[in-house]
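K.L.:
Got a file for you: coords.txt, compact mmCIF, C-alpha atoms and all ligand atoms.
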# COMPACT_ATOMS: atom_id res chain seq x y z
CA MET A 75 12.98 94.14 85.99
CA THR A 76 12.83 92.06 82.82
CA THR A 77 13.99 93.30 79.46
CA SER A 78 10.49 93.18 78.06
CA THR A 79 9.21 95.20 81.02
CA ARG A 80 11.94 97.76 80.49
CA ARG A 81 11.10 98.02 76.83
CA TRP A 82 7.43 98.38 77.68
CA LEU A 83 8.29 101.18 80.10
CA LEU A 84 10.36 102.80 77.40
CA ALA A 85 7.43 102.72 75.03
CA CYS A 86 5.35 104.51 77.66
CA GLY A 87 8.22 106.88 78.45
CA VAL A 88 8.73 107.86 74.85
CA SER A 89 5.11 108.69 74.30
CA LEU A 90 5.04 110.78 77.47
CA LEU A 91 8.30 112.53 76.69
CA LEU A 92 7.69 113.44 73.09
CA PRO A 93 7.33 117.17 73.77
CA VAL A 94 10.36 117.24 76.08
CA SER A 95 13.79 117.99 74.65
CA VAL A 96 16.53 115.44 75.15
CA THR A 97 18.48 117.80 77.36
CA GLN A 98 15.48 118.56 79.52
CA ALA A 99 14.84 114.84 79.91
CA ALA A 100 18.41 114.23 81.05
CA ASP A 101 18.22 117.12 83.50
CA SER A 102 15.11 115.67 85.09
CA ALA A 103 16.74 112.33 85.90
CA PRO A 104 16.14 110.96 89.40
CA ALA A 105 18.24 112.23 92.28
CA SER A 106 21.30 110.27 93.27
CA SER A 107 20.60 106.93 94.88
CA GLY A 108 24.20 105.78 94.98
CA GLU A 109 23.16 102.80 92.86
CA PRO A 110 23.37 102.47 89.07
CA GLN A 111 20.09 103.67 87.53
CA GLY A 112 20.37 102.34 84.02
CA SER A 113 17.04 100.59 84.20
CA THR A 114 15.16 103.76 85.09
CA LEU A 115 17.15 106.38 83.19
CA CYS A 116 16.26 104.78 79.92
CA THR A 117 12.59 105.43 80.62
CA LYS A 118 13.29 109.17 80.86
CA ILE A 119 15.57 109.65 77.88
CA PRO A 120 14.20 108.70 74.45
CA ILE A 121 16.77 105.98 73.85
CA PRO A 122 15.91 102.26 74.08
CA CYS A 123 16.64 100.47 77.30
CA ASP A 124 19.23 97.74 76.93
CA ALA A 125 20.32 99.29 73.68
CA VAL A 126 21.70 96.93 71.05
CA ILE A 127 24.10 98.95 68.89
CA ALA A 128 25.44 97.02 65.92
CA HIS A 129 29.06 98.12 65.75
CA ARG A 130 29.81 98.67 62.04
CA GLY A 131 26.79 96.44 61.42
CA ALA A 132 26.74 92.74 62.23
CA SER A 133 30.47 92.83 61.75
CA TYR A 134 31.33 89.40 63.07
CA GLN A 135 29.32 87.65 60.36
CA ALA A 136 29.97 90.06 57.49
CA PRO A 137 32.61 92.59 56.52
CA GLU A 138 32.33 95.67 58.68
CA SER A 139 30.34 98.66 57.43
CA THR A 140 29.19 96.88 54.27
CA ARG A 141 25.74 96.18 52.92
CA PRO A 142 25.39 92.61 54.25
CA ALA A 143 26.64 93.69 57.69
CA TYR A 144 23.97 96.38 57.97
CA LEU A 145 21.20 94.31 56.37
CA LEU A 146 21.88 91.45 58.77
CA ALA A 147 21.93 93.77 61.78
CA ARG A 148 18.67 95.39 60.71
CA ASP A 149 16.88 92.12 60.15
CA LEU A 150 18.19 90.62 63.38
CA GLY A 151 16.39 93.46 65.13
CA VAL A 152 19.07 95.73 66.56
CA ASP A 153 18.15 99.13 67.92
CA TYR A 154 20.91 101.01 66.11
CA LEU A 155 23.20 100.65 63.13
CA GLU A 156 26.54 102.11 64.19
CA LEU A 157 28.76 103.82 61.67
CA ASP A 158 31.91 105.91 61.52
CA LEU A 159 31.42 108.99 59.39
CA GLN A 160 34.05 110.40 57.06
CA ARG A 161 33.89 112.64 53.97
CA THR A 162 35.31 112.02 50.52
CA LYS A 163 37.42 114.50 48.60
CA ASP A 164 34.32 115.45 46.63
CA GLY A 165 32.25 115.99 49.74
CA VAL A 166 30.23 112.78 50.09
CA LEU A 167 29.59 111.34 53.56
CA VAL A 168 30.73 107.71 53.80
CA ALA A 169 30.80 104.96 56.43
CA VAL A 170 34.46 104.06 56.99
CA HIS A 171 36.23 103.40 60.26
CA ASP A 172 39.95 103.63 59.60
CA ASN A 173 41.70 106.78 58.54
CA THR A 174 43.32 104.79 55.73
CA LEU A 175 42.07 101.97 53.52
CA GLY A 176 44.75 99.31 53.76
CA ARG A 177 43.31 97.08 56.47
CA ASN A 178 40.01 96.24 54.85
CA THR A 179 40.18 97.09 51.16
CA ASN A 180 42.42 96.28 48.21
CA VAL A 181 43.58 99.89 47.91
CA ALA A 182 47.20 98.72 47.50
CA GLU A 183 46.22 96.91 44.29
CA VAL A 184 43.94 99.55 42.84
CA PHE A 185 45.88 102.66 43.87
CA PRO A 186 49.39 101.40 44.70
CA ASP A 187 50.79 104.88 45.16
CA ARG A 188 48.05 105.86 47.57
CA ALA A 189 47.82 102.83 49.84
CA ASP A 190 48.48 104.92 52.94
CA ALA A 191 46.57 108.00 51.86
CA PRO A 192 43.69 109.16 54.05
CA VAL A 193 40.11 108.36 53.11
CA SER A 194 39.54 112.09 52.71
CA SER A 195 41.91 112.20 49.72
CA PHE A 196 39.73 109.81 47.63
CA THR A 197 36.69 110.75 45.62
CA LEU A 198 33.56 108.66 45.96
CA ASP A 199 34.13 107.23 42.52
CA GLU A 200 37.59 106.08 43.61
CA LEU A 201 36.33 104.56 46.85
CA LYS A 202 33.65 102.70 44.94
CA GLN A 203 36.36 100.97 42.89
CA LEU A 204 37.67 99.25 46.04
CA ASP A 205 36.80 95.76 47.28
CA ALA A 206 35.78 96.07 50.93
CA GLY A 207 34.87 92.40 51.39
CA SER A 208 37.68 90.10 50.27
CA TRP A 209 39.90 90.97 53.25
CA PHE A 210 37.21 89.43 55.47
CA ASN A 211 37.19 86.15 53.53
CA ALA A 212 40.96 85.96 53.81
CA SER A 213 41.01 86.82 57.51
CA TYR A 214 38.04 84.70 58.60
CA PRO A 215 37.72 81.66 56.32
CA ASP A 216 35.15 80.08 58.62
CA ARG A 217 32.80 83.02 57.96
CA ALA A 218 33.80 83.68 54.36
CA ARG A 219 31.24 83.90 51.55
CA ASP A 220 32.01 84.22 47.87
CA SER A 221 29.41 86.97 47.72
CA TYR A 222 31.49 89.14 50.04
CA SER A 223 34.13 89.59 47.35
CA GLY A 224 33.81 92.99 45.75
CA LEU A 225 31.57 94.59 48.38
CA GLU A 226 31.55 98.36 48.17
CA ILE A 227 32.22 101.05 50.72
CA LEU A 228 28.86 102.61 51.57
CA THR A 229 27.74 106.21 51.60
CA LEU A 230 25.65 107.50 54.48
CA ASP A 231 22.74 107.67 52.06
CA GLU A 232 23.09 103.94 51.39
CA VAL A 233 23.16 103.13 55.11
CA ILE A 234 20.01 105.22 55.56
CA ASP A 235 18.39 103.32 52.68
CA ILE A 236 19.13 100.07 54.53
CA ALA A 237 17.79 101.43 57.82
CA GLU A 238 14.57 102.46 56.06
CA GLY A 239 14.28 99.42 53.85
CA GLY A 240 12.99 96.60 56.04
CA ASP A 241 10.23 95.73 58.47
CA ASN A 242 12.48 96.77 61.35
CA HIS A 243 13.22 100.48 61.63
CA PRO A 244 16.54 100.75 63.48
CA GLY A 245 18.04 104.07 64.41
CA LEU A 246 21.46 105.36 63.42
CA TYR A 247 24.30 105.77 65.92
CA ILE A 248 26.76 107.96 64.04
CA GLU A 249 30.34 108.71 65.07
CA THR A 250 32.18 111.69 63.67
CA LYS A 251 35.52 110.00 62.96
CA VAL A 252 38.76 112.01 63.03
CA PRO A 253 36.54 115.12 62.84
CA GLU A 254 39.53 117.45 62.89
CA GLN A 255 40.20 116.27 59.32
CA PHE A 256 36.70 117.24 58.25
CA PRO A 257 35.87 120.81 59.24
CA GLY A 258 32.13 121.36 59.02
CA ILE A 259 31.21 117.67 58.82
CA GLU A 260 28.69 118.12 61.60
CA GLU A 261 26.79 120.67 59.53
CA ASP A 262 27.09 118.47 56.42
CA LEU A 263 25.57 115.68 58.45
CA ARG A 264 22.72 117.87 59.65
CA LYS A 265 21.87 118.81 56.08
CA LYS A 266 21.95 115.18 54.97
CA LEU A 267 19.79 113.98 57.85
CA GLN A 268 17.40 116.85 57.27
CA SER A 269 17.13 116.11 53.57
CA ARG A 270 16.45 112.45 54.35
CA GLY A 271 13.76 113.28 56.89
CA TRP A 272 15.68 112.00 59.88
CA LEU A 273 15.52 115.17 61.96
CA GLY A 274 12.71 116.72 63.92
CA ASP A 275 9.15 116.01 62.93
CA GLU A 276 9.96 115.15 59.34
CA ALA A 277 10.39 111.49 60.21
CA LYS A 278 6.70 111.37 61.03
CA SER A 279 5.94 111.45 57.33
CA ARG A 280 7.37 107.94 56.96
CA PRO A 281 5.13 104.93 57.58
CA ALA A 282 5.60 103.58 61.10
CA ALA A 283 7.11 100.15 61.72
CA LYS A 284 4.62 97.32 62.02
CA LYS A 285 3.58 96.17 65.47
CA GLY A 286 6.28 94.03 67.03
CA ALA A 287 9.04 95.31 64.74
CA VAL A 288 11.89 97.56 65.87
CA ASN A 289 10.66 101.16 65.76
CA VAL A 290 13.62 103.15 67.06
CA GLY A 291 13.86 104.88 63.68
CA ASP A 292 10.37 106.30 64.27
CA THR A 293 11.15 107.81 67.70
CA PRO A 294 12.90 110.99 68.90
CA GLY A 295 15.96 108.80 69.60
CA ARG A 296 16.24 107.74 65.96
CA VAL A 297 19.69 109.32 65.61
CA VAL A 298 22.37 109.34 68.28
CA MET A 299 25.58 111.23 67.62
CA GLN A 300 28.81 109.99 69.18
CA THR A 301 32.31 111.35 69.20
CA PHE A 302 35.64 111.12 71.02
CA SER A 303 36.25 114.76 70.17
CA LYS A 304 35.21 117.53 72.53
CA ALA A 305 35.35 119.99 69.64
CA SER A 306 33.03 117.82 67.57
CA LEU A 307 30.64 117.42 70.50
CA LYS A 308 30.40 121.20 70.66
CA ALA A 309 29.90 121.45 66.91
CA LEU A 310 27.16 118.81 67.07
CA GLU A 311 25.50 120.74 69.89
CA THR A 312 25.47 123.81 67.69
CA SER A 313 24.30 122.04 64.54
CA MET A 314 21.79 119.63 66.04
CA PRO A 315 20.90 120.70 69.58
CA ASP A 316 17.89 118.37 69.74
CA VAL A 317 19.69 115.24 68.56
CA PRO A 318 20.94 113.00 71.40
CA ARG A 319 24.70 113.06 71.78
CA VAL A 320 27.13 110.73 73.51
CA LEU A 321 30.75 111.51 74.40
CA LEU A 322 33.02 108.53 73.82
CA LEU A 323 35.72 108.02 76.43
CA TRP A 324 39.29 106.93 76.00
CA LEU A 325 42.16 106.76 78.44
CA GLY A 326 45.46 108.38 77.65
CA LYS A 327 46.64 110.83 75.02
CA GLY A 328 43.75 113.03 73.95
CA GLY A 329 41.43 111.35 76.44
CA ILE A 330 41.01 110.97 80.18
CA GLU A 331 44.26 111.39 82.07
CA ALA A 332 45.82 108.03 82.94
CA ALA A 333 47.57 107.16 86.17
CA PRO A 334 51.31 106.78 85.75
CA GLY A 335 52.29 103.16 85.28
CA LYS A 336 54.87 100.81 83.89
CA PRO A 337 55.21 100.77 80.11
CA GLN A 338 54.07 97.73 78.17
CA GLY A 339 56.42 94.84 78.83
CA ASP A 340 58.07 92.89 76.03
CA ASP A 341 56.10 89.78 76.96
CA GLU A 342 52.89 91.63 77.74
CA SER A 343 49.99 91.55 75.28
CA THR A 344 48.38 94.81 74.27
CA ALA A 345 45.14 93.54 75.76
CA ASP A 346 46.77 92.91 79.14
CA TYR A 347 48.57 96.23 79.01
CA TYR A 348 45.39 98.15 78.30
CA ALA A 349 43.45 96.17 80.88
CA ARG A 350 45.73 97.32 83.69
CA GLN A 351 45.49 101.00 82.81
CA GLN A 352 43.77 103.19 85.38
CA VAL A 353 42.38 106.71 85.35
CA ALA A 354 44.53 109.22 87.20
CA SER A 355 41.74 110.09 89.63
CA PRO A 356 37.96 110.28 89.98
CA GLU A 357 38.31 113.98 89.22
CA ALA A 358 39.90 113.16 85.86
CA TYR A 359 36.88 111.02 84.97
CA ARG A 360 34.50 113.64 86.31
CA SER A 361 35.98 116.38 84.17
CA TRP A 362 34.98 114.48 81.01
CA LEU A 363 31.57 113.71 82.43
CA ASP A 364 31.10 117.38 83.27
CA PHE A 365 32.16 118.44 79.80
CA ALA A 366 29.69 116.03 78.25
CA LYS A 367 26.88 117.21 80.47
CA ASP A 368 27.72 120.89 80.00
CA HIS A 369 27.40 120.37 76.25
CA GLY A 370 24.06 118.64 76.42
CA ALA A 371 25.20 115.04 75.97
CA ILE A 372 22.72 112.43 77.17
CA GLY A 373 25.36 109.84 77.89
CA LEU A 374 28.87 108.49 77.87
CA GLY A 375 30.43 105.80 75.70
CA PRO A 376 33.29 104.31 77.70
CA SER A 377 35.49 101.41 76.68
CA ALA A 378 35.17 97.98 78.27
CA VAL A 379 37.63 95.21 78.89
CA GLN A 380 36.76 91.93 77.22
CA SER A 381 37.33 88.78 79.20
CA GLU A 382 38.04 86.77 76.05
CA HIS A 383 39.49 87.56 72.68
CA ASP A 384 38.10 85.59 69.80
CA GLY A 385 40.35 86.96 67.10
CA ASN A 386 37.79 89.21 65.45
CA PHE A 387 39.69 92.46 65.53
CA SER A 388 43.04 91.51 67.12
CA SER A 389 44.77 94.44 68.78
CA GLN A 390 42.04 96.93 67.89
CA PHE A 391 39.93 95.04 70.29
CA SER A 392 41.94 95.78 73.42
CA TYR A 393 40.52 98.41 75.70
CA MET A 394 40.71 99.86 79.17
CA ASP A 395 37.93 99.42 81.68
CA LEU A 396 36.32 102.85 81.80
CA ALA A 397 33.10 101.43 83.16
CA GLU A 398 34.05 100.43 86.66
CA PRO A 399 31.08 100.44 89.04
CA TRP A 400 31.99 103.84 90.54
CA MET A 401 32.26 105.34 87.06
CA ILE A 402 28.85 104.06 86.02
CA GLY A 403 27.42 105.27 89.32
CA MET A 404 28.91 108.72 88.75
CA ALA A 405 27.41 108.92 85.26
CA HIS A 406 24.00 107.65 86.33
CA ASP A 407 23.92 109.97 89.33
CA ASP A 408 24.30 112.81 86.83
CA GLY A 409 21.47 111.45 84.69
CA MET A 410 23.78 110.18 81.95
CA LEU A 411 23.28 106.90 80.10
CA VAL A 412 26.25 104.56 79.65
CA HIS A 413 26.72 102.68 76.37
CA LEU A 414 29.83 100.51 76.38
CA TYR A 415 32.12 99.76 73.47
CA THR A 416 32.86 97.14 72.17
CA VAL A 417 31.58 94.02 73.90
CA ASP A 418 31.00 90.62 72.30
CA GLU A 419 31.23 88.00 75.02
CA PRO A 420 28.17 86.87 77.00
CA ALA A 421 30.23 86.83 80.20
CA ASP A 422 31.01 90.49 79.63
CA PHE A 423 27.40 91.38 78.81
CA GLU A 424 26.51 89.82 82.16
CA ARG A 425 29.32 91.47 84.13
CA TYR A 426 28.60 94.93 82.82
CA GLN A 427 24.84 94.52 82.90
CA GLN A 428 25.16 93.79 86.60
CA ARG A 429 26.96 97.10 86.91
CA GLY A 430 23.90 98.75 85.37
CA VAL A 431 25.02 99.85 81.91
CA ASP A 432 22.33 100.94 79.49
CA GLY A 433 23.49 99.19 76.33
CA PHE A 434 26.41 97.90 74.33
CA PHE A 435 28.14 98.47 71.05
CA THR A 436 28.74 94.96 69.76
CA ASN A 437 30.00 93.12 66.71
CA ARG A 438 27.90 90.14 67.83
CA ALA A 439 24.41 91.60 67.58
CA GLU A 440 22.91 88.10 67.54
CA ARG A 441 24.53 87.29 70.87
CA LEU A 442 23.50 90.51 72.56
CA LEU A 443 19.91 90.20 71.34
CA GLU A 444 19.83 86.68 72.73
CA PHE A 445 21.33 87.90 76.00
CA TYR A 446 18.54 90.45 76.26
CA GLY A 447 15.95 87.72 75.76
CA HIS A 448 15.15 87.91 72.06
CA PRO A 449 14.62 84.67 70.14
CA THR A 450 17.57 83.19 68.29
CA GLN A 451 17.55 83.85 64.55
CA ASP A 452 19.12 82.11 61.60
CA GLN A 453 21.79 84.51 60.37
CA ASP A 454 22.65 82.32 57.42
CA ALA A 455 19.03 82.45 56.25
CA ILE A 456 18.94 86.23 56.55
CA LEU A 457 22.14 86.63 54.56
CA LYS A 458 20.94 84.19 51.90
CA ARG A 459 17.62 86.00 51.62
CA HIS A 460 19.59 89.11 50.70
CA GLY A 461 21.69 87.22 48.16
CA TYR A 462 24.83 86.70 50.26
O1 LIG B 1 31.78 104.20 68.47
C1 LIG B 1 32.00 103.34 69.54
C2 LIG B 1 33.15 102.60 69.15
O2 LIG B 1 32.87 102.27 67.82
C3 LIG B 1 34.38 103.42 69.23
O3 LIG B 1 35.42 102.74 68.77
O4 LIG B 1 37.18 102.72 67.14
O5 LIG B 1 35.32 101.13 66.93
O6 LIG B 1 34.97 103.50 66.41
P1 LIG B 1 35.72 102.52 67.23
CA CA B 2 32.68 103.90 66.04
In structure tokens, how does this file's structure come out?

P.N.:
Amino acid sequence: MTTSTRRWLLACGVSLLLPVSVTQAADSAPASSGEPQGSTLCTKIPIPCDAVIAHRGASYQAPESTRPAYLLARDLGVDYLELDLQRTKDGVLVAVHDNTLGRNTNVAEVFPDRADAPVSSFTLDELKQLDAGSWFNASYPDRARDSYSGLEILTLDEVIDIAEGGDNHPGLYIETKVPEQFPGIEEDLRKKLQSRGWLGDEAKSRPAAKKGAVNVGDTPGRVVMQTFSKASLKALETSMPDVPRVLLLWLGKGGIEAAPGKPQGDDESTADYYARQQVASPEAYRSWLDFAKDHGAIGLGPSAVQSEHDGNFSSQFSYMDLAEPWMIGMAHDDGMLVHLYTVDEPADFERYQQRGVDGFFTNRAERLLEFYGHPTQDQDAILKRHGY
């Protein structure tokens, strides 16, 4: 089945499934065939087939989670803008990945005594004093732009403004990050989404995307919640029972039980060490799948092993393969979508697509869109159009 056919089926599926809750749709997935069912599941759950999820925006070409990264992703035509949600000391929801600010801001210059302090200990006004772009220019001179210097950390409101501000209407794929640090963040998020018209029928009051443009933001799958935390998944179920939820999977401490193995060798890269990690048993994987399903999740977000490392995120970019064919089959047999994080290489898109996954988190939105058959676009022109 071609990508365009799948997307056409989705369009039909969405219109037919509008009155059906997300959970009901997942429960009515086809019976087990023993084969991955990604191509058909996505016609029954209101989430795009072959989902293109821009991980922290178009974060290869622009500093992660900043305005140009999200503008570029939106205008390239991704299905979702991905963001990691945290809360400032004064209660504002912001898009920041790390627990601290040292890796990708100049916090050590602006607040030298607080360089290792958690994001949650800063007010919004303080965060807005930081430069979230210059680190990128220093780390990736081949992709540097003078205009990236001084970029601000974004609030959730500002990411929503970007999602609503173009011809394409992408959805939002929101992760509750370190949620144990932010009691009640799920309810804060519900209130924010509600006030912005992103929940329930309120979104219908916004003008629909033009024909041919991305319209995920106009559909019942406009927001997907994701979390590594079982407690947060439960809180999201309570706060927003009708919003699609995905349980992210990790192997090891706090995640799926790992099989015993040799510790990382002195000469062994982190990537190689992670790549050889195995789950303790199929039952260990199943217990997480069962938890997700029991709490109304529509899918799993497992990690993927990358076949190449292009230096984008160094050691952060080393993951275990939690999307082996039997794992994807187990998820699909239970009617659960599989969205893999974080995949940037065409060879890996191909390998995992053949296993039947339903979409990818990627820093290389332009590559994934091309892989799925969309025309190539001029990223430089898009960035320049926005003043970058
Ligand atoms: O949210 C999917 C993926 O983003 C999880 O990893 O650490 O990049 O948030 P991380
Ligand atoms: Ca994330």

K.L.:
For Leu263 (chain A), which residue out of A:Arg280, A:Pro294, A:Glu226, A:Leu159 is the nearest one, using only C-alpha atoms?

P.N.:
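Nearest to Leu263 (chain A): A:Leu159.
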
K.L.:
Just want the 10 Å neighbourhood of Gln203 (chain A), counted on only C-alpha atoms, with same-chain residues fewer than 4 positions away dropped. Output as number ranges by chain.

P.N.:
A: 179-181, 184-185, 198-199, 224-227

K.L.:
Using only C-alpha atoms and all ligand atoms, what table do you get, as a Markdown table, when you list each residue of chain A with an atom no more than 7 Å from ligand LIG 1 (chain B), its nearest pair of atoms, and their distance in Å rounded to one decimal, rows by chain then rising number?

P.N.:
| residue | atom | partner | partner_atom | distance |
| --- | --- | --- | --- | --- |
| A:His129 | CA | B:LIG1 | O2 | 6.0 |
| A:Asp158 | CA | B:LIG1 | O6 | 6.3 |
| A:His171 | CA | B:LIG1 | O6 | 6.3 |
| A:Glu249 | CA | B:LIG1 | O1 | 5.8 |
| A:Gln300 | CA | B:LIG1 | O1 | 6.5 |
| A:Leu322 | CA | B:LIG1 | C1 | 6.8 |
| A:Gly375 | CA | B:LIG1 | C1 | 6.8 |
| A:Tyr415 | CA | B:LIG1 | C2 | 5.3 |
| A:Thr416 | CA | B:LIG1 | C2 | 6.2 |
| A:Phe435 | CA | B:LIG1 | C1 | 6.4 |

K.L.:
Do a neighbour search on region 444-459 of chain A at 9 Å with only C-alpha atoms, toss out local chain neighbours closer than 5 positions, and write the hits as a list in words.

P.N.:
Thr76, Thr77, Ser78, Asp124, Val126, Gln135, Pro142, Ala143, Leu145, Leu146, Asp149, Leu150, Gly151, Pro420, Phe423, Glu424 and Ala439 of chain A

K.L.:
Please identify all polymer residues within 7 Å of region 347-359 of chain A, counting all atoms listed in the file, omitting same-chain residues fewer than 6 positions from it, and present them as an mmCIF file with C-alpha atoms, in the frame of the given file.

P.N.:
data_model
loop_
_atom_site.group_PDB
_atom_site.id
_atom_site.type_symbol
_atom_site.label_atom_id
_atom_site.label_comp_id
_atom_site.auth_asym_id
_atom_site.auth_seq_id
_atom_site.Cartn_x
_atom_site.Cartn_y
_atom_site.Cartn_z
ATOM 1 C CA LEU A 325 42.160 106.760 78.440
ATOM 2 C CA ILE A 330 41.010 110.970 80.180
ATOM 3 C CA GLU A 331 44.260 111.390 82.070
ATOM 4 C CA ALA A 332 45.820 108.030 82.940
ATOM 5 C CA ALA A 333 47.570 107.160 86.170
ATOM 6 C CA GLN A 338 54.070 97.730 78.170
ATOM 7 C CA VAL A 379 37.630 95.210 78.890
ATOM 8 C CA SER A 392 41.940 95.780 73.420
ATOM 9 C CA TYR A 393 40.520 98.410 75.700
ATOM 10 C CA MET A 394 40.710 99.860 79.170
ATOM 11 C CA ASP A 395 37.930 99.420 81.680
#

K.L.:
Can you tell me how far CA of Asp241 (chain A) sits from CA of Val288 (chain A), in Å to one decimal?

P.N.:
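Here the two named atoms are 7.8 Å from each other.
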
K.L.:
Between A:Arg264, A:His406, A:Lys304, A:His413, which one has atoms that come closest to ligand CA 2 (chain B), using all atoms listed in the file?

P.N.:
A:His413

K.L.:
Using all atoms listed in the file, find all polymer residues with an atom at most 10 Å away from the point (30.9, 84.4, 55.2); report them as a tab-separated table (two decimals) with C-alpha atoms, keeping the file's coordinate frame.

P.N.:
chain	number	residue	atom	x	y	z
A	134	TYR	CA	31.33	89.40	63.07
A	135	GLN	CA	29.32	87.65	60.36
A	136	ALA	CA	29.97	90.06	57.49
A	137	PRO	CA	32.61	92.59	56.52
A	142	PRO	CA	25.39	92.61	54.25
A	207	GLY	CA	34.87	92.40	51.39
A	210	PHE	CA	37.21	89.43	55.47
A	211	ASN	CA	37.19	86.15	53.53
A	214	TYR	CA	38.04	84.70	58.60
A	215	PRO	CA	37.72	81.66	56.32
A	216	ASP	CA	35.15	80.08	58.62
A	217	ARG	CA	32.80	83.02	57.96
A	218	ALA	CA	33.80	83.68	54.36
A	219	ARG	CA	31.24	83.90	51.55
A	220	ASP	CA	32.01	84.22	47.87
A	221	SER	CA	29.41	86.97	47.72
A	222	TYR	CA	31.49	89.14	50.04
A	223	SER	CA	34.13	89.59	47.35
A	454	ASP	CA	22.65	82.32	57.42
A	457	LEU	CA	22.14	86.63	54.56
A	462	TYR	CA	24.83	86.70	50.26

K.L.:
Rounded to one decimal, what separation in Å do you get between CA of Ala125 (chain A) and CA of Met410 (chain A)?

P.N.:
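Pair CA of Ala125 (chain A) / CA of Met410 (chain A) returns 14.1 Å.
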
K.L.:
Could you tell me how far CA of Gly373 (chain A) sits from CA of Val431 (chain A), in Å to one decimal place?

P.N.:
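Between these atoms lies a distance of 10.8 Å.
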
K.L.:
Identify which of the residues A:Val412, A:Leu204, A:Ile127, A:Ala421 lies closest to ligand CA 2 (chain B), counting only C-alpha atoms and all ligand atoms when measuring atom-to-atom distances.

P.N.:
A:Ile127

K.L.:
Which one of A:Leu175, A:Met299, A:Leu230, A:Ala237 sits closest to ligand CA 2 (chain B) if you count only C-alpha atoms and all ligand atoms?

P.N.:
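Once distances to ligand CA 2 (chain B) are computed over only C-alpha atoms and all ligand atoms, the minimum belongs to A:Met299.
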
K.L.:
Which residues are close to Glu398 (chain A), i.e. within 9 Å by only C-alpha atoms, leaving aside same-chain residues fewer than 2 positions away? Reply as number ranges by chain.

P.N.:
A: 378, 395-396, 400-403, 426, 429

K.L.:
Counting only C-alpha atoms, figure out which residue out of A:Arg270, A:Lys308, A:Arg130, A:Lys327 gets nearest to Leu228 (chain A).

P.N.:
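Closest to Leu228 (chain A), using only C-alpha atoms: A:Arg130.
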
K.L.:
From the list A:Pro399, A:Gly328, A:Gly430, A:Pro376, which residue is nearest ligand CA 2 (chain B) when using all atoms listed in the file?

P.N.:
A:Pro376
